[in-house]
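What follows is the content of upload.txt, which has compact mmCIF, C-alpha atoms and all ligand atoms:
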```txt
# COMPACT_ATOMS: atom_id res chain seq x y z
CA MET K 1 97.11 178.35 98.25
CA LYS K 2 94.86 178.28 95.19
CA LEU K 3 94.67 174.72 94.05
CA SER K 4 92.98 174.83 90.70
CA CYS K 5 96.30 175.42 88.94
CA ILE K 6 98.07 172.48 90.56
CA SER K 7 96.42 169.59 88.82
CA ARG K 8 98.46 166.67 87.46
CA ARG K 9 101.93 167.89 88.37
CA PHE K 10 104.45 166.06 90.43
CA LEU K 11 105.02 167.30 93.91
CA TYR K 12 107.57 166.56 96.55
CA THR K 13 106.35 166.57 100.13
CA LYS K 14 108.97 167.90 102.50
CA GLN K 15 108.23 165.72 105.50
CA ASN K 16 107.43 162.55 103.59
CA PRO K 17 110.23 161.50 101.30
CA LEU K 18 107.79 160.70 98.58
CA ILE K 19 107.20 161.89 95.08
CA MET K 20 103.47 162.12 94.58
CA SER K 21 101.55 162.46 91.39
CA THR K 22 98.81 164.96 92.12
CA ASP K 23 95.94 162.73 90.98
CA TYR K 24 93.31 163.09 93.70
CA LEU K 25 95.60 165.21 95.89
CA ARG K 26 93.31 168.21 95.64
CA GLU K 27 90.29 166.03 96.48
CA ALA K 28 92.17 164.68 99.51
CA TYR K 29 93.04 168.21 100.65
CA ILE K 30 89.46 169.47 100.40
CA ALA K 31 88.20 166.30 102.10
CA GLN K 32 90.67 166.86 104.97
CA LEU K 33 89.51 170.46 105.44
CA ALA K 34 85.86 169.41 105.34
CA VAL K 35 86.33 166.48 107.74
CA LYS K 36 88.31 168.64 110.15
CA ARG K 37 85.64 171.36 110.10
CA ALA K 38 82.88 168.76 110.67
CA SER K 39 84.92 167.10 113.44
CA LEU K 40 85.20 170.46 115.22
CA LEU K 41 81.42 170.75 115.08
CA THR K 42 81.00 167.30 116.65
CA CYS K 43 83.45 168.29 119.42
CA LYS K 44 81.48 171.47 120.10
CA VAL K 45 78.24 169.44 120.28
CA SER K 46 79.96 167.09 122.77
CA GLU K 47 81.36 169.92 124.88
CA GLU K 48 77.86 171.28 125.27
CA HIS K 49 76.54 167.78 126.11
CA LEU K 50 74.18 167.90 123.18
CA ASN K 51 75.63 164.58 122.04
CA GLU K 52 73.69 163.02 124.90
CA GLN K 53 70.41 163.93 123.21
CA SER K 54 69.41 161.92 120.19
CA ILE K 55 66.39 161.31 118.02
CA ASP K 56 65.49 157.83 116.77
CA LYS K 57 65.37 157.30 113.02
CA SER K 58 62.83 154.97 111.41
CA ASP K 59 65.29 152.05 111.75
CA SER K 60 65.60 152.91 115.50
CA SER K 61 69.21 154.02 115.14
CA PRO K 62 70.02 157.33 116.86
CA VAL K 63 70.91 160.61 115.17
CA THR K 64 72.05 163.90 116.74
CA VAL K 65 72.52 167.57 115.93
CA GLY K 66 76.15 166.56 115.32
CA ASP K 67 75.28 164.07 112.54
CA PHE K 68 73.14 166.60 110.66
CA GLY K 69 75.53 169.53 111.10
CA ALA K 70 78.56 167.49 110.04
CA GLN K 71 76.78 166.18 106.94
CA ALA K 72 75.79 169.75 105.93
CA ILE K 73 79.33 171.09 106.37
CA ILE K 74 80.95 168.29 104.40
CA ILE K 75 78.51 168.26 101.49
CA LYS K 76 78.72 172.05 101.13
CA SER K 77 82.54 171.86 101.09
CA ILE K 78 82.68 169.03 98.57
CA LEU K 79 80.06 170.28 96.14
CA SER K 80 81.36 173.84 96.13
CA ASN K 81 84.72 172.47 94.94
CA PHE K 82 83.48 169.59 92.79
CA PRO K 83 79.98 170.66 91.65
CA ASN K 84 79.43 167.73 89.29
CA ASP K 85 80.12 165.05 91.89
CA GLU K 86 77.47 163.07 93.76
CA VAL K 87 77.27 162.27 97.47
CA VAL K 88 75.92 159.17 99.18
CA GLY K 89 75.29 160.55 102.67
CA GLU K 90 73.78 158.71 105.60
CA GLU K 91 71.30 161.41 106.69
CA ASP K 92 68.42 163.36 105.15
CA SER K 93 66.50 166.41 106.42
CA ASN K 94 63.10 164.78 107.12
CA LEU K 95 63.60 164.48 110.87
CA ILE K 96 65.09 167.97 111.07
CA LYS K 97 61.92 169.40 109.58
CA GLU K 98 59.63 167.16 111.65
CA LYS K 99 61.37 168.07 114.92
CA LYS K 100 61.94 171.70 113.89
CA ILE K 101 65.63 171.64 114.84
CA ASP K 102 66.95 173.39 111.74
CA ASP K 103 67.72 176.66 113.57
CA LEU K 104 69.52 174.82 116.37
CA ILE K 105 71.70 172.89 113.91
CA PHE K 106 72.39 176.02 111.86
CA LYS K 107 73.54 177.83 115.02
CA TYR K 108 76.29 175.21 115.53
CA VAL K 109 77.22 175.06 111.85
CA ASN K 110 77.49 178.83 111.64
CA GLU K 111 79.70 179.07 114.72
CA ILE K 112 82.11 176.49 113.32
CA GLN K 113 82.24 177.79 109.77
CA ASN K 114 83.20 181.24 111.06
CA LEU K 115 86.24 179.98 112.97
CA ASP K 116 89.39 181.17 111.29
CA SER K 117 91.48 178.25 112.56
CA ILE K 118 90.58 176.35 109.38
CA ASN K 119 91.55 177.30 105.86
CA ASN K 120 88.23 178.84 104.89
CA GLU K 121 89.38 180.07 101.52
CA ASN K 122 88.70 176.70 99.90
CA LEU K 123 85.39 175.92 101.61
CA ASN K 124 81.98 177.43 101.06
CA ILE K 125 79.49 178.17 103.83
CA ILE K 126 75.91 177.20 104.68
CA GLU K 127 73.91 180.43 104.40
CA ASN K 128 70.84 179.71 106.54
CA SER K 129 68.62 176.90 107.82
CA ASN K 130 66.93 176.37 104.42
CA ASP K 131 70.34 176.02 102.81
CA LEU K 132 71.23 173.58 105.61
CA CYS K 133 68.34 171.22 104.80
CA ASP K 134 68.84 171.51 101.02
CA THR K 135 72.53 170.73 101.40
CA ILE K 136 71.93 167.70 103.63
CA ASP K 137 69.49 166.33 101.04
CA LYS K 138 72.17 166.47 98.35
CA GLY K 139 73.53 163.30 99.96
CA ASN K 140 70.85 161.33 98.15
CA SER K 141 72.92 159.65 95.43
CA GLN K 142 72.13 155.99 94.92
CA GLY K 143 75.80 155.16 94.27
CA GLY K 144 76.71 152.68 91.55
CA GLN K 145 79.32 151.68 89.02
CA LYS K 146 79.91 154.97 87.20
CA GLY K 147 80.93 158.48 88.12
CA ARG K 148 82.54 160.35 90.98
CA ILE K 149 80.64 159.55 94.15
CA TRP K 150 81.53 160.61 97.69
CA ALA K 151 80.48 158.25 100.50
CA LEU K 152 79.86 160.19 103.70
CA ASP K 153 79.14 159.11 107.24
CA PRO K 154 79.04 162.38 109.19
CA ILE K 155 79.20 160.52 112.51
CA ASP K 156 80.02 156.86 112.23
CA GLY K 157 79.38 155.17 115.57
CA THR K 158 76.66 157.53 116.76
CA LYS K 159 76.13 155.21 119.74
CA GLY K 160 79.79 155.74 120.72
CA PHE K 161 79.32 159.49 120.26
CA LEU K 162 76.30 159.39 122.61
CA ARG K 163 78.42 157.60 125.24
CA GLY K 164 81.35 160.01 124.80
CA ASP K 165 83.44 157.14 123.38
CA GLN K 166 84.86 156.59 119.91
CA TYR K 167 83.21 157.86 116.75
CA ALA K 168 84.52 158.92 113.37
CA VAL K 169 83.74 161.49 110.68
CA CYS K 170 84.24 159.52 107.46
CA LEU K 171 84.47 160.60 103.84
CA ALA K 172 85.61 158.70 100.75
CA LEU K 173 85.72 159.45 97.04
CA ILE K 174 84.73 156.52 94.82
CA VAL K 175 85.42 156.86 91.09
CA ASP K 176 83.77 154.30 88.81
CA GLY K 177 83.46 151.95 91.76
CA ASP K 178 87.07 152.33 92.89
CA VAL K 179 87.86 154.08 96.19
CA LYS K 180 90.45 156.79 95.43
CA VAL K 181 90.48 158.93 98.58
CA GLY K 182 89.58 158.21 102.19
CA VAL K 183 89.66 160.70 105.07
CA ILE K 184 88.62 159.90 108.64
CA GLY K 185 88.54 162.26 111.62
CA CYS K 186 88.61 160.59 115.03
CA PRO K 187 88.35 163.29 117.73
CA ASN K 188 88.54 160.85 120.67
CA LEU K 189 91.06 158.30 119.37
CA PRO K 190 94.36 158.19 121.32
CA HIS K 191 97.41 158.76 119.10
CA ASP K 192 98.75 155.47 120.44
CA LEU K 193 96.12 153.05 121.71
CA ARG K 194 98.78 151.02 123.49
CA LYS K 195 99.88 153.89 125.72
CA GLU K 196 98.03 155.35 128.64
CA ASN K 197 97.52 159.12 128.54
CA SER K 198 98.34 159.30 124.83
CA PRO K 199 97.04 162.57 123.30
CA LYS K 200 93.74 162.25 121.49
CA GLY K 201 92.41 163.23 118.09
CA GLY K 202 93.62 161.97 114.72
CA LEU K 203 93.06 162.79 111.06
CA PHE K 204 93.72 159.81 108.76
CA THR K 205 94.09 160.20 105.00
CA ALA K 206 94.63 157.67 102.21
CA ILE K 207 95.07 158.25 98.49
CA LYS K 208 94.92 155.26 96.15
CA GLY K 209 98.44 154.32 95.12
CA HIS K 210 100.05 156.93 97.38
CA GLY K 211 99.82 155.47 100.86
CA SER K 212 98.11 156.55 104.02
CA TYR K 213 98.90 159.25 106.54
CA PHE K 214 98.19 160.38 110.07
CA GLN K 215 98.22 163.82 111.60
CA ASP K 216 97.02 165.32 114.85
CA LEU K 217 93.47 166.52 114.29
CA LYS K 218 94.39 169.83 115.92
CA SER K 219 97.33 170.55 113.60
CA ASP K 220 97.00 172.72 110.49
CA ILE K 221 96.02 171.13 107.23
CA THR K 222 98.48 172.04 104.55
CA PHE K 223 98.77 171.17 100.90
CA PRO K 224 99.97 168.58 100.03
CA LEU K 225 99.82 166.45 103.18
CA ASN K 226 103.11 167.77 104.52
CA LYS K 227 101.95 167.85 108.13
CA SER K 228 101.05 164.15 107.89
CA SER K 229 103.25 161.15 108.60
CA PRO K 230 103.01 157.91 106.62
CA ILE K 231 101.47 154.99 108.51
CA ASN K 232 101.64 151.22 108.08
CA VAL K 233 99.90 148.17 109.46
CA HIS K 234 101.91 146.04 111.88
CA ASN K 235 103.36 143.22 109.79
CA ASP K 236 105.99 141.43 111.79
CA TYR K 237 104.39 139.67 114.76
CA ASP K 238 103.37 136.35 116.18
CA LEU K 239 99.69 135.71 115.33
CA SER K 240 98.95 134.40 118.84
CA LYS K 241 99.93 137.86 120.16
CA ALA K 242 97.67 139.74 117.76
CA ARG K 243 95.33 142.35 119.20
CA VAL K 244 91.86 142.00 117.72
CA LEU K 245 89.63 145.01 117.10
CA GLU K 246 85.93 144.47 117.61
CA GLY K 247 82.91 146.77 117.80
CA VAL K 248 81.27 147.67 121.08
CA GLU K 249 77.67 147.09 120.00
CA LYS K 250 76.82 143.38 120.23
CA ALA K 251 74.10 143.77 117.59
CA HIS K 252 76.63 144.77 114.90
CA SER K 253 78.94 141.75 114.99
CA SER K 254 78.60 138.19 116.31
CA HIS K 255 80.62 138.11 119.51
CA SER K 256 80.23 134.32 119.86
CA LEU K 257 81.81 133.79 116.43
CA GLN K 258 84.55 136.34 117.24
CA ASN K 259 85.49 134.29 120.32
CA LEU K 260 85.62 131.01 118.38
CA ILE K 261 87.85 132.55 115.71
CA LYS K 262 90.28 133.89 118.32
CA GLU K 263 90.33 130.44 119.98
CA LYS K 264 91.08 128.79 116.64
CA LEU K 265 93.95 131.21 116.00
CA ASN K 266 95.21 130.71 119.55
CA ILE K 267 94.93 134.45 120.23
CA LYS K 268 95.16 135.12 123.96
CA GLN K 269 95.38 138.92 124.05
CA PRO K 270 92.27 140.77 125.20
CA SER K 271 90.35 142.35 122.32
CA VAL K 272 90.15 146.08 121.78
CA ASN K 273 86.56 147.28 121.53
CA LEU K 274 86.02 150.49 119.57
CA ASP K 275 82.97 151.96 117.92
CA SER K 276 83.09 153.13 114.30
CA GLN K 277 85.76 153.21 111.58
CA ALA K 278 88.21 154.14 114.33
CA LYS K 279 88.91 150.37 114.15
CA TYR K 280 90.29 150.74 110.62
CA CYS K 281 92.39 153.70 111.81
CA ALA K 282 93.91 151.77 114.71
CA LEU K 283 94.72 148.85 112.40
CA SER K 284 96.27 151.14 109.78
CA LYS K 285 98.79 152.60 112.17
CA GLY K 286 99.73 149.28 113.74
CA ASP K 287 98.01 149.79 117.12
CA ALA K 288 96.20 146.46 116.64
CA GLU K 289 96.44 143.68 114.09
CA ILE K 290 93.05 142.21 113.13
CA TYR K 291 89.53 143.66 112.73
CA LEU K 292 86.62 141.21 112.92
CA ARG K 293 83.05 142.12 111.92
CA LEU K 294 80.88 139.04 111.64
CA PRO K 295 77.27 139.16 110.46
CA LYS K 296 74.73 139.18 113.25
CA ASP K 297 71.75 139.58 110.99
CA PRO K 298 72.09 137.48 107.79
CA ASN K 299 69.98 139.99 105.87
CA TYR K 300 71.96 143.09 106.92
CA ARG K 301 74.08 144.62 104.19
CA GLU K 302 76.85 146.97 105.27
CA LYS K 303 76.55 150.57 104.02
CA ILE K 304 79.26 151.99 101.76
CA TRP K 305 79.67 155.07 104.01
CA ASP K 306 80.55 152.76 106.92
CA HIS K 307 83.53 151.19 105.13
CA ALA K 308 84.80 153.00 102.01
CA ALA K 309 87.30 155.33 103.74
CA GLY K 310 88.53 152.65 106.17
CA PHE K 311 88.90 150.12 103.35
CA LEU K 312 91.29 152.40 101.44
CA LEU K 313 93.14 153.40 104.58
CA VAL K 314 93.96 149.78 105.48
CA ASN K 315 94.82 148.85 101.88
CA GLU K 316 97.16 151.81 101.53
CA SER K 317 98.77 150.93 104.87
CA GLY K 318 99.71 147.47 103.59
CA GLY K 319 96.71 145.55 104.86
CA LYS K 320 93.80 143.71 103.30
CA VAL K 321 90.03 144.17 103.79
CA THR K 322 87.53 141.54 102.64
CA ASP K 323 84.18 140.02 103.50
CA ILE K 324 84.07 136.90 105.70
CA TYR K 325 84.83 134.65 102.70
CA GLY K 326 87.98 136.54 101.68
CA ASN K 327 86.45 138.52 98.77
CA LEU K 328 87.59 142.13 98.47
CA LEU K 329 84.86 144.64 99.39
CA LYS K 330 83.25 146.25 96.34
CA PHE K 331 81.84 149.74 96.34
CA ASP K 332 80.01 149.78 93.02
CA TYR K 333 76.77 148.12 94.04
CA GLY K 334 74.79 151.11 95.29
CA ARG K 335 74.34 152.53 98.80
CA THR K 336 75.19 149.15 100.36
CA LEU K 337 77.84 146.50 99.84
CA ASN K 338 76.65 143.22 98.39
CA SER K 339 78.67 141.12 100.81
CA GLN K 340 78.65 139.92 104.41
CA GLY K 341 80.84 141.11 107.25
CA VAL K 342 84.33 142.59 107.21
CA ILE K 343 87.71 141.04 107.97
CA ALA K 344 90.72 143.35 107.93
CA ALA K 345 94.29 142.41 108.76
CA SER K 346 97.86 142.71 107.57
CA ASN K 347 98.50 140.78 104.35
CA ASN K 348 100.60 138.10 106.03
CA VAL K 349 97.85 136.90 108.40
CA HIS K 350 94.68 137.72 106.51
CA SER K 351 94.40 134.32 104.83
CA SER K 352 94.89 132.50 108.18
CA VAL K 353 91.98 134.47 109.62
CA ILE K 354 89.75 133.62 106.65
CA ASP K 355 90.73 129.91 106.90
CA ALA K 356 89.82 129.94 110.60
CA ILE K 357 86.42 131.50 109.81
CA LYS K 358 85.65 129.01 107.06
CA SER K 359 86.61 126.10 109.29
CA ILE K 360 83.89 127.28 111.68
CA ILE K 361 81.09 128.54 109.42
CA GLY K 362 81.78 126.24 106.45
CA GLU K 363 83.34 127.09 103.06
CA ASN K 364 80.11 128.78 101.91
CA GLY K 365 78.74 129.81 105.28
CA GLU K 366 76.55 126.70 105.73
CA ASN K 367 76.78 127.05 109.55
CA LEU K 368 76.72 130.85 109.73
CA LYS K 369 73.13 131.14 110.94
CA GLU K 370 74.08 129.35 114.20
CA PHE K 371 76.00 132.47 115.15
CA CYS K 372 73.54 135.14 114.05
N1 LIG X 401 72.95 144.59 112.11
C1 LIG X 401 74.03 145.31 111.85
N2 LIG X 401 75.17 144.67 111.49
C2 LIG X 401 76.29 145.39 111.23
N3 LIG X 401 76.36 146.74 111.32
C3 LIG X 401 75.26 147.41 111.67
C4 LIG X 401 74.04 146.74 111.95
N4 LIG X 401 73.12 147.67 112.25
C5 LIG X 401 73.72 148.87 112.15
N5 LIG X 401 75.01 148.72 111.81
C6 LIG X 401 76.03 149.75 111.55
O1 LIG X 401 77.11 149.68 112.43
C7 LIG X 401 77.73 150.95 112.38
C8 LIG X 401 78.57 151.15 113.60
O2 LIG X 401 79.52 150.14 113.59
P1 LIG X 401 80.38 149.74 114.86
O3 LIG X 401 79.56 148.75 115.65
O4 LIG X 401 81.58 149.14 114.25
O5 LIG X 401 80.63 150.97 115.62
C9 LIG X 401 76.61 151.93 112.31
O6 LIG X 401 77.00 153.01 111.48
C10 LIG X 401 75.46 151.15 111.71
O7 LIG X 401 75.24 151.51 110.39
P2 LIG X 401 74.17 152.58 109.89
O8 LIG X 401 73.72 153.34 111.11
O9 LIG X 401 75.00 153.37 108.95
O10 LIG X 401 73.10 151.80 109.25
```

Go ahead and render the structure in this file as structure tokens.
Amino acid sequence: MKLSCISRRFLYTKQNPLIMSTDYLREAYIAQLAVKRASLLTCKVSEEHLNEQSIDKSDSSPVTVGDFGAQAIIIKSILSNFPNDEVVGEEDSNLIKEKKIDDLIFKYVNEIQNLDSINNENLNIIENSNDLCDTIDKGNSQGGQKGRIWALDPIDGTKGFLRGDQYAVCLALIVDGDVKVGVIGCPNLPHDLRKENSPKGGLFTAIKGHGSYFQDLKSDITFPLNKSSPINVHNDYDLSKARVLEGVEKAHSSHSLQNLIKEKLNIKQPSVNLDSQAKYCALSKGDAEIYLRLPKDPNYREKIWDHAAGFLLVNESGGKVTDIYGNLLKFDYGRTLNSQGVIAASNNVHSSVIDAIKSIIGENGENLKEFC
């Protein structure tokens, strides 16, 4: 379906009994196609065990053929549809050139972009390895308060990807500092985390003011969202029975502070450890109730690509996402957030979690460094 003629009408989605204004619907559709295509590339890289090989970036964090290929695919798709937009992407092409892996990455990208299982009509293609590097480097926006800026993490949770665990392909559109669209592909996430042998692979989509949706990553992407089902955070539960989502990597969140908070809230359930923004996805569909991310390094500032899509997803599912002091996350500061940590939960318990944190670290974080 050609989309250019569908702007600003009202549409009725068959499966979801919802009248949707089409503001940002086209952006969401293109983002879904791009994230799905990039997710397929990451799956291919995994199948061929290339995810087990990584290169260290200057900050010692790992990057793979999957990260670079996924960034190229998504930026090409976005900028061919919205040429005046900017992209804040996690990767650049310096290491590709240094390690001479452009042809290898292009081979994977080319294989995926020629699959006809995706709606190719609306996406452009990477022509060759020079185009690949140029496209990746278009993710160099500095972010900020004005304009249409996409925040892209081609593989969030690269360490999970290396282990064959959870990772997420994350894309969000921020307009004048406000997150309008969030799309997350989670190839390894069970449809229901609480059930054994649940099928895996989810595509999560949120549009500001229009809710959030889940669909099987393998299913077709149709316009507008009519293969997706609305999702909601779990709201009606006893706090002591809450399931808490935490990262896997101990360096990314203070596990000692996490334990004290759970003790304070009398939470007895074992935590659920997941890499990446898959945590926001699980929270959004009610598979767990609280997400804790406590600063481990007081100087670390979270990156916008690590949170923008998940932030909108949880908000549109009826939850709340703030820093450790209860302030809403803001995405207009540049490539990073200007705040510490992340606390996400359903609206009814969020303030109890923040109170518990403040009772431990002090109203203004006077005792925080004890836990870093
Ligand atoms: N000291 C840190 N504190 C919090 N997050 C971090 C830290 N160092 C790296 N990260 C980010 O954690 C993300 C993974 O989160 P999780 O542990 O929830 O899976 C990575 O994308 C990485 O961001 P990046 O590599 O973008 O700088």

May I ask you to write as an mmCIF file with C-alpha atoms, in the coordinates of the input all residues lying at most 8 Å from ligand LIG 401 (chain X), with all atoms listed in the file counted?
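The resulting file, result11.cif, is reproduced below:
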```
data_model
loop_
_atom_site.group_PDB
_atom_site.id
_atom_site.type_symbol
_atom_site.label_atom_id
_atom_site.label_comp_id
_atom_site.auth_asym_id
_atom_site.auth_seq_id
_atom_site.Cartn_x
_atom_site.Cartn_y
_atom_site.Cartn_z
ATOM 1 C CA SER K 61 69.210 154.020 115.140
ATOM 2 C CA PRO K 62 70.020 157.330 116.860
ATOM 3 C CA GLU K 90 73.780 158.710 105.600
ATOM 4 C CA ASP K 153 79.140 159.110 107.240
ATOM 5 C CA ILE K 155 79.200 160.520 112.510
ATOM 6 C CA ASP K 156 80.020 156.860 112.230
ATOM 7 C CA GLY K 157 79.380 155.170 115.570
ATOM 8 C CA THR K 158 76.660 157.530 116.760
ATOM 9 C CA LYS K 159 76.130 155.210 119.740
ATOM 10 C CA GLY K 160 79.790 155.740 120.720
ATOM 11 C CA TYR K 167 83.210 157.860 116.750
ATOM 12 C CA GLU K 246 85.930 144.470 117.610
ATOM 13 C CA GLY K 247 82.910 146.770 117.800
ATOM 14 C CA VAL K 248 81.270 147.670 121.080
ATOM 15 C CA GLU K 249 77.670 147.090 120.000
ATOM 16 C CA LYS K 250 76.820 143.380 120.230
ATOM 17 C CA ALA K 251 74.100 143.770 117.590
ATOM 18 C CA HIS K 252 76.630 144.770 114.900
ATOM 19 C CA SER K 253 78.940 141.750 114.990
ATOM 20 C CA LEU K 274 86.020 150.490 119.570
ATOM 21 C CA ASP K 275 82.970 151.960 117.920
ATOM 22 C CA SER K 276 83.090 153.130 114.300
ATOM 23 C CA GLN K 277 85.760 153.210 111.580
ATOM 24 C CA LYS K 279 88.910 150.370 114.150
ATOM 25 C CA ARG K 293 83.050 142.120 111.920
ATOM 26 C CA LEU K 294 80.880 139.040 111.640
ATOM 27 C CA PRO K 295 77.270 139.160 110.460
ATOM 28 C CA LYS K 296 74.730 139.180 113.250
ATOM 29 C CA ASP K 297 71.750 139.580 110.990
ATOM 30 C CA TYR K 300 71.960 143.090 106.920
ATOM 31 C CA ARG K 301 74.080 144.620 104.190
ATOM 32 C CA GLU K 302 76.850 146.970 105.270
ATOM 33 C CA LYS K 303 76.550 150.570 104.020
ATOM 34 C CA TRP K 305 79.670 155.070 104.010
ATOM 35 C CA ASP K 306 80.550 152.760 106.920
ATOM 36 C CA GLY K 341 80.840 141.110 107.250
#
```

Check your understanding: Between K:Ile149, K:Ser240, K:Ala172, K:Lys285, which has the minimum distance to Pro190 of chain K (counting only C-alpha atoms)?
Key -> K:Lys285

Check your understanding: With distances taken over all atoms listed in the file, which of K:Lys320, K:Arg335, K:Lys99, K:Lys369 is nearest to Gln145 of chain K?
Key ->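 With all atoms listed in the file as the atom set, the closest residue is K:Arg335.
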
Point to revise | Spatial neighbours of segment 128-144 of chain K, max dist 10 Å, only C-alpha atoms, sep filter under 3 positions, as an MDAnalysis selection string | key: chainID K and resid 68:76 79 85:94 96:97 101:107 109:110 125 147:152 174:177 304 331:336

File of the preceding selection, C-alpha atoms, as an mmCIF file, keeping the file's coordinate frame:
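out-v7.cif, freshly written:
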```
data_model
loop_
_atom_site.group_PDB
_atom_site.id
_atom_site.type_symbol
_atom_site.label_atom_id
_atom_site.label_comp_id
_atom_site.auth_asym_id
_atom_site.auth_seq_id
_atom_site.Cartn_x
_atom_site.Cartn_y
_atom_site.Cartn_z
ATOM 1 C CA PHE K 68 73.140 166.600 110.660
ATOM 2 C CA GLY K 69 75.530 169.530 111.100
ATOM 3 C CA ALA K 70 78.560 167.490 110.040
ATOM 4 C CA GLN K 71 76.780 166.180 106.940
ATOM 5 C CA ALA K 72 75.790 169.750 105.930
ATOM 6 C CA ILE K 73 79.330 171.090 106.370
ATOM 7 C CA ILE K 74 80.950 168.290 104.400
ATOM 8 C CA ILE K 75 78.510 168.260 101.490
ATOM 9 C CA LYS K 76 78.720 172.050 101.130
ATOM 10 C CA LEU K 79 80.060 170.280 96.140
ATOM 11 C CA ASP K 85 80.120 165.050 91.890
ATOM 12 C CA GLU K 86 77.470 163.070 93.760
ATOM 13 C CA VAL K 87 77.270 162.270 97.470
ATOM 14 C CA VAL K 88 75.920 159.170 99.180
ATOM 15 C CA GLY K 89 75.290 160.550 102.670
ATOM 16 C CA GLU K 90 73.780 158.710 105.600
ATOM 17 C CA GLU K 91 71.300 161.410 106.690
ATOM 18 C CA ASP K 92 68.420 163.360 105.150
ATOM 19 C CA SER K 93 66.500 166.410 106.420
ATOM 20 C CA ASN K 94 63.100 164.780 107.120
ATOM 21 C CA ILE K 96 65.090 167.970 111.070
ATOM 22 C CA LYS K 97 61.920 169.400 109.580
ATOM 23 C CA ILE K 101 65.630 171.640 114.840
ATOM 24 C CA ASP K 102 66.950 173.390 111.740
ATOM 25 C CA ASP K 103 67.720 176.660 113.570
ATOM 26 C CA LEU K 104 69.520 174.820 116.370
ATOM 27 C CA ILE K 105 71.700 172.890 113.910
ATOM 28 C CA PHE K 106 72.390 176.020 111.860
ATOM 29 C CA LYS K 107 73.540 177.830 115.020
ATOM 30 C CA VAL K 109 77.220 175.060 111.850
ATOM 31 C CA ASN K 110 77.490 178.830 111.640
ATOM 32 C CA ILE K 125 79.490 178.170 103.830
ATOM 33 C CA GLY K 147 80.930 158.480 88.120
ATOM 34 C CA ARG K 148 82.540 160.350 90.980
ATOM 35 C CA ILE K 149 80.640 159.550 94.150
ATOM 36 C CA TRP K 150 81.530 160.610 97.690
ATOM 37 C CA ALA K 151 80.480 158.250 100.500
ATOM 38 C CA LEU K 152 79.860 160.190 103.700
ATOM 39 C CA ILE K 174 84.730 156.520 94.820
ATOM 40 C CA VAL K 175 85.420 156.860 91.090
ATOM 41 C CA ASP K 176 83.770 154.300 88.810
ATOM 42 C CA GLY K 177 83.460 151.950 91.760
ATOM 43 C CA ILE K 304 79.260 151.990 101.760
ATOM 44 C CA PHE K 331 81.840 149.740 96.340
ATOM 45 C CA ASP K 332 80.010 149.780 93.020
ATOM 46 C CA TYR K 333 76.770 148.120 94.040
ATOM 47 C CA GLY K 334 74.790 151.110 95.290
ATOM 48 C CA ARG K 335 74.340 152.530 98.800
ATOM 49 C CA THR K 336 75.190 149.150 100.360
#
```

Review point. Which of these residues is nearest to Gly319 of chain K, using all atoms listed in the file: K:Asn338, K:Asn235, K:Ser256, K:Asn124?
Key: K:Asn235

Check your understanding: Excluding same-chain residues fewer than 5 positions from Ala242 of chain K, what lies within 12 Å of it counting only C-alpha atoms, as a list in words?
Key ->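 After dropping sequence-adjacent residues, the list is His234, Asn235, Asp236, Tyr237, Lys262, Leu265, Asn266, Ile267, Lys268, Gln269, Pro270, Ser271, Val272, Leu283, Gly286, Asp287, Ala288, Glu289, Ile290, Tyr291, Ala345, Ser346, Val349, His350 and Val353 of chain K.
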
9 Å contact set for Tyr213 of chain K, only C-alpha atoms, chain neighbours under 2 positions out, as a PDB file with C-alpha atoms, in the coordinates of the input:
```pdb
ATOM      1  CA  LEU K 203      93.060 162.790 111.060  1.00  0.00           C
ATOM      2  CA  PHE K 204      93.720 159.810 108.760  1.00  0.00           C
ATOM      3  CA  THR K 205      94.090 160.200 105.000  1.00  0.00           C
ATOM      4  CA  ALA K 206      94.630 157.670 102.210  1.00  0.00           C
ATOM      5  CA  ILE K 207      95.070 158.250  98.490  1.00  0.00           C
ATOM      6  CA  GLY K 211      99.820 155.470 100.860  1.00  0.00           C
ATOM      7  CA  GLN K 215      98.220 163.820 111.600  1.00  0.00           C
ATOM      8  CA  LEU K 225      99.820 166.450 103.180  1.00  0.00           C
ATOM      9  CA  SER K 228     101.050 164.150 107.890  1.00  0.00           C
ATOM     10  CA  SER K 229     103.250 161.150 108.600  1.00  0.00           C
ATOM     11  CA  PRO K 230     103.010 157.910 106.620  1.00  0.00           C
ATOM     12  CA  ILE K 231     101.470 154.990 108.510  1.00  0.00           C
ATOM     13  CA  ASN K 232     101.640 151.220 108.080  1.00  0.00           C
ATOM     14  CA  LYS K 285      98.790 152.600 112.170  1.00  0.00           C
ATOM     15  CA  LEU K 313      93.140 153.400 104.580  1.00  0.00           C
ATOM     16  CA  SER K 317      98.770 150.930 104.870  1.00  0.00           C
TER      17      SER K 317
END
```

Practice item. Determine, counting all atoms listed in the file, which protein, DNA and RNA residues have an atom within 10 Å of an atom of Leu328 of chain K; residues of the same chain fewer than 4 positions away are not included. Present the result as a ChimeraX atom specification. Key: /K:311,320-324,339,342-343

Exercise for review: For Asp192 of chain K, work out the shell of residues within 9 Å, counting only C-alpha atoms and skipping chain neighbours fewer than 5 positions away, then give it as a VMD selection string.
Suggested key: chain K and resid 197 to 200 282 285 287

Output C-alpha atoms for every residue in that selection, as a PDB file, in the frame of the given file.
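Below is the file selection-v4.pdb, written as the result:
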```pdb
ATOM      1  CA  ASN K 197      97.520 159.120 128.540  1.00  0.00           C
ATOM      2  CA  SER K 198      98.340 159.300 124.830  1.00  0.00           C
ATOM      3  CA  PRO K 199      97.040 162.570 123.300  1.00  0.00           C
ATOM      4  CA  LYS K 200      93.740 162.250 121.490  1.00  0.00           C
ATOM      5  CA  ALA K 282      93.910 151.770 114.710  1.00  0.00           C
ATOM      6  CA  LYS K 285      98.790 152.600 112.170  1.00  0.00           C
ATOM      7  CA  ASP K 287      98.010 149.790 117.120  1.00  0.00           C
TER       8      ASP K 287
END
```
